[in-house]
>>> print(open('model-v1.cif').read())   # mmCIF, C-alpha atoms; chains and numbers go by the auth columns
data_entry
#
loop_
_atom_site.group_PDB
_atom_site.id
_atom_site.type_symbol
_atom_site.label_atom_id
_atom_site.label_comp_id
_atom_site.label_asym_id
_atom_site.label_seq_id
_atom_site.Cartn_x
_atom_site.Cartn_y
_atom_site.Cartn_z
_atom_site.B_iso_or_equiv
_atom_site.auth_seq_id
_atom_site.auth_asym_id
ATOM 1 C CA MET A 1 9.258 -5.202 -1.128 0.00 1 K
ATOM 2 C CA LYS A 2 11.938 -4.085 -3.561 0.00 2 K
ATOM 3 C CA ASP A 3 13.231 -0.684 -4.578 0.00 3 K
ATOM 4 C CA ALA A 4 13.652 0.425 -8.207 0.00 4 K
ATOM 5 C CA SER A 5 17.156 -1.113 -8.377 0.00 5 K
ATOM 6 C CA GLY A 6 15.751 -4.512 -7.360 0.00 6 K
ATOM 7 C CA LYS A 7 17.193 -4.430 -3.834 0.00 7 K
ATOM 8 C CA GLU A 8 15.003 -6.035 -1.181 0.00 8 K
ATOM 9 C CA VAL A 9 14.007 -3.362 1.329 0.00 9 K
ATOM 10 C CA GLY A 10 11.271 -5.080 3.279 0.00 10 K
ATOM 11 C CA LYS A 11 8.555 -7.621 3.687 0.00 11 K
ATOM 12 C CA VAL A 12 4.792 -7.416 4.036 0.00 12 K
ATOM 13 C CA ASP A 13 2.492 -10.046 5.522 0.00 13 K
ATOM 14 C CA LEU A 14 -1.274 -9.808 5.131 0.00 14 K
ATOM 15 C CA THR A 15 -3.709 -11.674 7.388 0.00 15 K
ATOM 16 C CA GLU A 16 -7.476 -11.834 6.950 0.00 16 K
ATOM 17 C CA THR A 17 -9.404 -10.978 10.121 0.00 17 K
ATOM 18 C CA PRO A 18 -13.141 -10.657 10.839 0.00 18 K
ATOM 19 C CA HIS A 19 -12.686 -6.859 10.512 0.00 19 K
ATOM 20 C CA GLY A 20 -10.546 -6.566 7.378 0.00 20 K
ATOM 21 C CA VAL A 21 -6.901 -7.247 6.649 0.00 21 K
ATOM 22 C CA LEU A 22 -4.030 -6.848 9.101 0.00 22 K
ATOM 23 C CA ILE A 23 -0.921 -5.663 7.254 0.00 23 K
ATOM 24 C CA LYS A 24 2.454 -6.158 8.919 0.00 24 K
ATOM 25 C CA LEU A 25 5.249 -4.265 7.200 0.00 25 K
ATOM 26 C CA SER A 26 8.917 -4.538 8.059 0.00 26 K
ATOM 27 C CA LEU A 27 11.530 -2.362 6.361 0.00 27 K
ATOM 28 C CA LYS A 28 15.304 -2.538 6.589 0.00 28 K
ATOM 29 C CA GLY A 29 17.813 -0.171 4.986 0.00 29 K
ATOM 30 C CA PHE A 30 15.030 2.114 3.783 0.00 30 K
ATOM 31 C CA PRO A 31 15.463 5.895 3.376 0.00 31 K
ATOM 32 C CA ALA A 32 14.311 7.783 6.468 0.00 32 K
ATOM 33 C CA GLY A 33 11.325 10.095 6.357 0.00 33 K
ATOM 34 C CA GLU A 34 7.561 10.285 6.136 0.00 34 K
ATOM 35 C CA ARG A 35 6.277 8.047 3.332 0.00 35 K
ATOM 36 C CA ALA A 36 2.896 7.316 1.776 0.00 36 K
ATOM 37 C CA PHE A 37 1.883 3.660 1.856 0.00 37 K
ATOM 38 C CA HIS A 38 -0.892 2.394 -0.448 0.00 38 K
ATOM 39 C CA ILE A 39 -2.356 -0.697 -2.019 0.00 39 K
ATOM 40 C CA HIS A 40 -2.351 -0.244 -5.785 0.00 40 K
ATOM 41 C CA ALA A 41 -4.795 -1.775 -8.238 0.00 41 K
ATOM 42 C CA VAL A 42 -2.501 -3.941 -10.394 0.00 42 K
ATOM 43 C CA GLY A 43 -0.202 -6.759 -9.327 0.00 43 K
ATOM 44 C CA LYS A 44 2.879 -5.597 -11.247 0.00 44 K
ATOM 45 C CA CYS A 45 6.105 -4.155 -9.880 0.00 45 K
ATOM 46 C CA GLU A 46 8.127 -3.011 -12.878 0.00 46 K
ATOM 47 C CA PRO A 47 10.294 0.044 -12.027 0.00 47 K
ATOM 48 C CA PRO A 48 9.406 2.892 -11.726 0.00 48 K
ATOM 49 C CA PHE A 49 6.325 0.960 -10.509 0.00 49 K
ATOM 50 C CA ASN A 50 3.762 2.807 -12.637 0.00 50 K
ATOM 51 C CA SER A 51 2.763 -0.681 -13.805 0.00 51 K
ATOM 52 C CA ALA A 52 0.962 -1.070 -10.448 0.00 52 K
ATOM 53 C CA GLY A 53 -1.707 1.388 -11.639 0.00 53 K
ATOM 54 C CA GLY A 54 -3.618 3.743 -9.374 0.00 54 K
ATOM 55 C CA HIS A 55 -4.776 3.105 -5.844 0.00 55 K
ATOM 56 C CA PHE A 56 -6.959 0.057 -5.225 0.00 56 K
ATOM 57 C CA ASN A 57 -10.443 1.587 -5.407 0.00 57 K
ATOM 58 C CA PRO A 58 -13.179 -0.976 -6.158 0.00 58 K
ATOM 59 C CA THR A 59 -15.948 1.337 -4.880 0.00 59 K
ATOM 60 C CA GLY A 60 -14.963 4.390 -6.975 0.00 60 K
ATOM 61 C CA ARG A 61 -14.421 6.744 -4.045 0.00 61 K
ATOM 62 C CA LYS A 62 -12.266 9.890 -3.969 0.00 62 K
ATOM 63 C CA HIS A 63 -8.742 9.747 -2.558 0.00 63 K
ATOM 64 C CA GLY A 64 -7.905 10.446 1.025 0.00 64 K
ATOM 65 C CA MET A 65 -9.024 9.941 4.575 0.00 65 K
ATOM 66 C CA ALA A 66 -9.639 13.695 4.831 0.00 66 K
ATOM 67 C CA ALA A 67 -11.898 13.783 1.738 0.00 67 K
ATOM 68 C CA ALA A 68 -15.657 13.799 2.300 0.00 68 K
ATOM 69 C CA GLU A 69 -16.133 11.309 -0.553 0.00 69 K
ATOM 70 C CA GLY A 70 -13.067 9.229 0.387 0.00 70 K
ATOM 71 C CA ALA A 71 -11.182 7.122 0.891 0.00 71 K
ATOM 72 C CA HIS A 72 -9.896 4.596 -1.625 0.00 72 K
ATOM 73 C CA ALA A 73 -9.776 1.074 -0.215 0.00 73 K
ATOM 74 C CA GLY A 74 -6.004 1.192 -0.771 0.00 74 K
ATOM 75 C CA ASP A 75 -5.429 4.404 1.197 0.00 75 K
ATOM 76 C CA MET A 76 -3.514 3.845 4.431 0.00 76 K
ATOM 77 C CA PRO A 77 -1.754 6.054 7.003 0.00 77 K
ATOM 78 C CA ASN A 78 1.714 7.425 6.291 0.00 78 K
ATOM 79 C CA LEU A 79 4.788 5.596 7.493 0.00 79 K
ATOM 80 C CA PHE A 80 7.454 7.324 9.583 0.00 80 K
ATOM 81 C CA VAL A 81 10.764 5.617 8.779 0.00 81 K
ATOM 82 C CA PRO A 82 13.408 6.453 11.428 0.00 82 K
ATOM 83 C CA ALA A 83 17.001 7.482 10.685 0.00 83 K
ATOM 84 C CA ASN A 84 18.260 3.890 10.963 0.00 84 K
ATOM 85 C CA GLY A 85 15.974 2.858 8.077 0.00 85 K
ATOM 86 C CA GLU A 86 14.312 0.076 10.045 0.00 86 K
ATOM 87 C CA LEU A 87 10.596 -0.005 10.731 0.00 87 K
ATOM 88 C CA ILE A 88 8.083 -2.600 11.821 0.00 88 K
ATOM 89 C CA VAL A 89 4.451 -1.525 11.804 0.00 89 K
ATOM 90 C CA GLU A 90 1.031 -3.154 11.753 0.00 90 K
ATOM 91 C CA VAL A 91 -1.876 -1.437 10.005 0.00 91 K
ATOM 92 C CA ALA A 92 -5.481 -2.645 9.874 0.00 92 K
ATOM 93 C CA ASN A 93 -7.303 -2.021 6.596 0.00 93 K
ATOM 94 C CA PRO A 94 -11.050 -2.696 7.004 0.00 94 K
ATOM 95 C CA ALA A 95 -11.786 -1.767 3.365 0.00 95 K
ATOM 96 C CA ILE A 96 -10.048 -4.771 1.753 0.00 96 K
ATOM 97 C CA THR A 97 -10.214 -8.540 1.940 0.00 97 K
ATOM 98 C CA LEU A 98 -8.146 -11.547 0.891 0.00 98 K
ATOM 99 C CA VAL A 99 -11.323 -13.500 0.072 0.00 99 K
ATOM 100 C CA GLU A 100 -11.324 -13.869 -3.718 0.00 100 K
ATOM 101 C CA SER A 101 -15.100 -13.979 -4.192 0.00 101 K
ATOM 102 C CA LYS A 102 -15.682 -10.544 -2.643 0.00 102 K
ATOM 103 C CA PRO A 103 -15.691 -7.304 -4.687 0.00 103 K
ATOM 104 C CA ASN A 104 -13.084 -5.635 -2.454 0.00 104 K
ATOM 105 C CA SER A 105 -10.606 -8.516 -2.747 0.00 105 K
ATOM 106 C CA VAL A 106 -6.987 -7.661 -3.496 0.00 106 K
ATOM 107 C CA PHE A 107 -6.951 -10.951 -5.415 0.00 107 K
ATOM 108 C CA ASP A 108 -9.049 -9.643 -8.312 0.00 108 K
ATOM 109 C CA SER A 109 -8.348 -10.500 -11.966 0.00 109 K
ATOM 110 C CA ASP A 110 -5.157 -8.394 -12.253 0.00 110 K
ATOM 111 C CA GLY A 111 -3.897 -8.693 -8.672 0.00 111 K
ATOM 112 C CA SER A 112 -2.663 -5.891 -6.426 0.00 112 K
ATOM 113 C CA ALA A 113 0.585 -4.429 -5.127 0.00 113 K
ATOM 114 C CA ILE A 114 1.793 -2.469 -2.128 0.00 114 K
ATOM 115 C CA ILE A 115 3.650 0.736 -2.942 0.00 115 K
ATOM 116 C CA ILE A 116 5.706 3.048 -0.750 0.00 116 K
ATOM 117 C CA HIS A 117 6.099 6.578 -2.112 0.00 117 K
ATOM 118 C CA ALA A 118 8.938 9.100 -1.841 0.00 118 K
ATOM 119 C CA GLY A 119 6.877 11.549 0.194 0.00 119 K
ATOM 120 C CA PRO A 120 3.897 11.674 2.519 0.00 120 K
ATOM 121 C CA ASP A 121 0.249 11.425 1.513 0.00 121 K
ATOM 122 C CA ASP A 122 -1.623 14.683 2.146 0.00 122 K
ATOM 123 C CA TYR A 123 -4.818 12.615 2.699 0.00 123 K
ATOM 124 C CA LYS A 124 -6.923 14.767 0.378 0.00 124 K
ATOM 125 C CA ALA A 125 -5.509 15.471 -3.124 0.00 125 K
ATOM 126 C CA ASP A 126 -7.318 13.263 -5.635 0.00 126 K
ATOM 127 C CA PRO A 127 -6.274 10.808 -6.980 0.00 127 K
ATOM 128 C CA THR A 128 -2.825 10.344 -5.413 0.00 128 K
ATOM 129 C CA GLY A 129 -2.353 12.453 -2.290 0.00 129 K
ATOM 130 C CA ASN A 130 0.656 14.243 -3.835 0.00 130 K
ATOM 131 C CA ALA A 131 2.864 11.476 -2.462 0.00 131 K
ATOM 132 C CA GLY A 132 5.577 11.680 -5.100 0.00 132 K
ATOM 133 C CA ASP A 133 7.458 8.932 -6.888 0.00 133 K
ATOM 134 C CA ARG A 134 6.958 5.267 -6.166 0.00 134 K
ATOM 135 C CA VAL A 135 10.124 4.083 -4.438 0.00 135 K
ATOM 136 C CA ALA A 136 9.293 0.507 -3.394 0.00 136 K
ATOM 137 C CA CYS A 137 6.853 -2.148 -4.540 0.00 137 K
ATOM 138 C CA GLY A 138 5.717 -5.561 -3.416 0.00 138 K
ATOM 139 C CA LEU A 139 3.274 -7.915 -5.098 0.00 139 K
ATOM 140 C CA ILE A 140 0.421 -9.185 -2.999 0.00 140 K
ATOM 141 C CA ALA A 141 0.556 -12.951 -3.394 0.00 141 K
ATOM 142 C CA LYS A 142 -1.065 -15.925 -1.740 0.00 142 K
ATOM 143 C CA LYS A 143 0.982 -17.724 0.883 0.00 143 K
#
>>> encode(input="model-v1.cif", output="structure tokens")
Amino acid sequence: MKDASGKEVGKVDLTETPHGVLIKLSLKGFPAGERAFHIHAVGKCEPPFNSAGGHFNPTGRKHGMAAAEGAHAGDMPNLFVPANGELIVEVANPAITLVESKPNSVFDSDGSAIIIHAGPDDYKADPTGNAGDRVACGLIAKK
């Protein structure tokens, strides 16, 4: 994960499980606060990270865990980065896969990226959750 200046601010590891993908995120030197954390539809991380497109949403659902017609496959819970800027968290995402042949694979034709936003996701506003600017991006790549 890199911020808009190109500084490395963290690392993400994804592991396929029988129940979806386990995402382990570690941040260091990251601004404190509540932050939205999503998988975005395009594997590009060109600042200000709009190149990563919208949220990963292969099933065409509405945004947000609180939306009746939601959520996007790329919607995940907010992160709470402490004052020291260091965070290690594991999140399970049952709506995605690393298996290329499946329709909900993050390894589709244009790839995918993980984005951290400036603010929290409200879990309901479509299509973005009012999460603010994109402040960090990481390409999802095969190991």
>>> atom_distance(input="model-v1.cif", atom1="CA of Gly70 in chain K", atom2="CA of Pro48 in chain K")
26.3 Å
>>> atom_distance(input="model-v1.cif", atom1="CA of Lys124 in chain K", atom2="CA of Phe107 in chain K")
26.4 Å
>>> residues_around(input="model-v1.cif", residues="Asn93 in chain K", least_positions_apart="2", cutoff="9 Å", atoms="only C-alpha atoms", output="ChimeraX atom specification")
/K:19-23,73-76,91,95-97
>>> residues_around(input="model-v1.cif", residues="Ile140 in chain K", least_positions_apart="6", cutoff="12 Å", atoms="all atoms listed in the file", output="list in words")
Met1, Lys11, Val12, Asp13, Leu14, Thr15, Ile23, His38, Ile39, His40, Ala41, Val42, Gly43, Lys44, Cys45, Ala52, Thr97, Leu98, Ser105, Val106, Phe107, Asp108, Asp110, Gly111, Ser112, Ala113, Ile114 and Ile115 of chain K
>>> atom_distance(input="model-v1.cif", atom1="CA of Gly10 in chain K", atom2="CA of Ser51 in chain K")
19.6 Å
>>> closest_residue(input="model-v1.cif", among="K:Pro127, K:Pro47, K:Gly6, K:Gly33", to="Glu86 in chain K", atoms="only C-alpha atoms")
K:Gly33
>>> resolve_selection(input="model-v1.cif", expression="the PyMOL selection byres ((chain K and resi 118-123) around 9)", output="PyMOL selection string")
chain K and resi 31+33-37+63-67+71+75-79+116-117+124-126+128-136
>>> resolve_selection(input="model-v1.cif", expression="the PyMOL selection byres ((chain K and resi 29) around 9)", output="PyMOL selection string")
chain K and resi 8-10+27-28+30-32+84-86
>>> resolve_selection(input="model-v1.cif", expression="the PyMOL selection byres ((chain K and resi 89) around 7)", output="PyMOL selection string")
chain K and resi 24-26+87-88+90-91
>>> closest_residue(input="model-v1.cif", among="K:Asn57, K:Ser5, K:Thr17, K:Asn50", to="Asn104 in chain K", atoms="only C-alpha atoms")
K:Asn57
>>> closest_residue(input="model-v1.cif", among="K:Lys102, K:Lys142, K:His72, K:Lys7", to="His55 in chain K", atoms="only C-alpha atoms")
K:His72
>>> build_atoms(input="model-v1.cif", residues="range 96-116 of chain K", atoms="N, CA, C and O atoms", output="compact mmCIF listing (two decimals), in the coordinates of the input")
# COMPACT_ATOMS: atom_id res chain seq x y z
N ILE K 96 -10.49 -3.74 2.70
CA ILE K 96 -10.05 -4.77 1.75
C ILE K 96 -10.25 -6.16 2.35
O ILE K 96 -10.48 -6.30 3.55
N THR K 97 -10.14 -7.15 1.50
CA THR K 97 -10.21 -8.54 1.94
C THR K 97 -9.27 -9.39 1.10
O THR K 97 -8.89 -9.00 -0.02
N LEU K 98 -8.93 -10.56 1.63
CA LEU K 98 -8.15 -11.55 0.89
C LEU K 98 -9.06 -12.63 0.31
O LEU K 98 -8.59 -13.54 -0.36
N VAL K 99 -10.35 -12.52 0.55
CA VAL K 99 -11.32 -13.50 0.07
C VAL K 99 -11.63 -13.20 -1.39
O VAL K 99 -12.20 -12.15 -1.72
N GLU K 100 -11.24 -14.11 -2.28
CA GLU K 100 -11.32 -13.87 -3.72
C GLU K 100 -12.72 -13.57 -4.25
O GLU K 100 -12.87 -12.83 -5.20
N SER K 101 -13.74 -14.13 -3.67
CA SER K 101 -15.10 -13.98 -4.19
C SER K 101 -15.74 -12.64 -3.86
O SER K 101 -16.82 -12.33 -4.36
N LYS K 102 -15.10 -11.82 -3.05
CA LYS K 102 -15.68 -10.54 -2.64
C LYS K 102 -15.20 -9.41 -3.54
O LYS K 102 -14.07 -9.43 -4.03
N PRO K 103 -16.05 -8.39 -3.76
CA PRO K 103 -15.69 -7.30 -4.69
C PRO K 103 -14.51 -6.44 -4.24
O PRO K 103 -13.88 -5.79 -5.06
N ASN K 104 -14.21 -6.43 -2.95
CA ASN K 104 -13.08 -5.64 -2.45
C ASN K 104 -11.84 -6.49 -2.19
O ASN K 104 -10.96 -6.12 -1.43
N SER K 105 -11.76 -7.62 -2.91
CA SER K 105 -10.61 -8.52 -2.75
C SER K 105 -9.39 -7.99 -3.50
O SER K 105 -9.49 -7.60 -4.67
N VAL K 106 -8.24 -8.03 -2.83
CA VAL K 106 -6.99 -7.66 -3.50
C VAL K 106 -6.56 -8.73 -4.50
O VAL K 106 -5.66 -8.50 -5.30
N PHE K 107 -7.22 -9.88 -4.47
CA PHE K 107 -6.95 -10.95 -5.42
C PHE K 107 -7.97 -10.92 -6.55
O PHE K 107 -8.58 -11.93 -6.89
N ASP K 108 -8.16 -9.76 -7.16
CA ASP K 108 -9.05 -9.64 -8.31
C ASP K 108 -8.31 -10.12 -9.57
O ASP K 108 -7.21 -10.68 -9.47
N SER K 109 -8.88 -9.91 -10.73
CA SER K 109 -8.35 -10.50 -11.97
C SER K 109 -6.93 -10.06 -12.32
O SER K 109 -6.19 -10.81 -12.95
N ASP K 110 -6.52 -8.85 -11.93
CA ASP K 110 -5.16 -8.39 -12.25
C ASP K 110 -4.27 -8.23 -11.02
O ASP K 110 -3.18 -7.67 -11.10
N GLY K 111 -4.71 -8.73 -9.87
CA GLY K 111 -3.90 -8.69 -8.67
C GLY K 111 -3.76 -7.30 -8.09
O GLY K 111 -4.43 -6.36 -8.53
N SER K 112 -2.89 -7.16 -7.11
CA SER K 112 -2.66 -5.89 -6.43
C SER K 112 -1.22 -5.82 -5.95
O SER K 112 -0.53 -6.85 -5.89
N ALA K 113 -0.78 -4.63 -5.61
CA ALA K 113 0.58 -4.43 -5.13
C ALA K 113 0.57 -3.41 -3.99
O ALA K 113 -0.34 -2.59 -3.89
N ILE K 114 1.59 -3.47 -3.17
CA ILE K 114 1.79 -2.47 -2.13
C ILE K 114 2.93 -1.57 -2.57
O ILE K 114 3.99 -2.05 -2.98
N ILE K 115 2.67 -0.27 -2.50
CA ILE K 115 3.65 0.74 -2.94
C ILE K 115 3.99 1.66 -1.77
O ILE K 115 3.11 2.07 -1.02
N ILE K 116 5.27 1.98 -1.65
CA ILE K 116 5.71 3.05 -0.75
C ILE K 116 6.20 4.18 -1.64
O ILE K 116 6.95 3.96 -2.61
